[in-house]
Amino acid sequence: MSMTRGTNPEREAVKEYLQQYHDAKVKKRILEERHRTLSAELRDPGVGSTYRTMPTAKRQAREGGAVSLVYRISEVEDRIDQQREAMDMIDILPQNSMERTVVEMRHIDCKPWEKIAQAVHMSRSRVFDYYNAALDTLLACKRTGKLVGEYMAGKEKNKRG
């Protein structure tokens, strides 16, 4: 197991690549909650609201927001599906290894480090050691290098464009 500390650009790229799935799931949850709130407000504007013959700009924006939210949720779901396919990278790690368990808990289950450490009955530093070892194993695979390289190139292209 590698005990190297400090920043390693290749490791950071793999972490960022794996983090996409987690980020998309979090964004989806936020958008779904916002959609539920807006939908509830649209269905029941509340007691004591005044009836207006002409809709106000605020009301129109709210309705447009609810509709656009559905599309944004759909877009996020599409991103999640795309990233699920990319998460096949984790299959490179041995099936019952602690390295795989830690990576899956972090990037698929979206668990914070404290919860992972509790679940596997280890200290956080020990969990980080397994996580870094997993990243090193993934980096040693040519397929990972190709996927991460394509991701980083696309990210750089988006930054410039």
# chains A, B, ... in the order shown; residues from 1 in each chain; ligands from 1

$ residues_around --residues "region 23-40 of chain A" --least-positions-apart "3" --cutoff "7 Å" --atoms "only C-alpha atoms" --output "MDAnalysis selection string"
chainID A and resid 19:20 43:44 66 69 73 76 79:80

$ closest_residue --among "A:Arg72, A:Arg11, A:Lys155, A:His107" --to "Leu135 (chain A)" --atoms "only C-alpha atoms"
A:Arg11

$ atom_distance --atom1 "CA of Lys115 (chain A)" --atom2 "CA of Asp136 (chain A)"
22.8 Å

$ select_by_dssp --residues "chain A" --states "helix (DSSP H, G or I)" --output "PyMOL selection string"
chain A and resi 9-43+57-92+98-107+113-120+124-139+142-160

$ atom_distance --atom1 "CA of Phe128 (chain A)" --atom2 "CA of Arg143 (chain A)"
23.3 Å

$ atom_distance --atom1 "CA of Glu75 (chain A)" --atom2 "CA of Asp109 (chain A)"
20.7 Å

$ closest_residue --among "A:Glu99, A:Glu150, A:Glu12, A:Glu104" --to "Asp129 (chain A)" --atoms "only C-alpha atoms"
A:Glu99
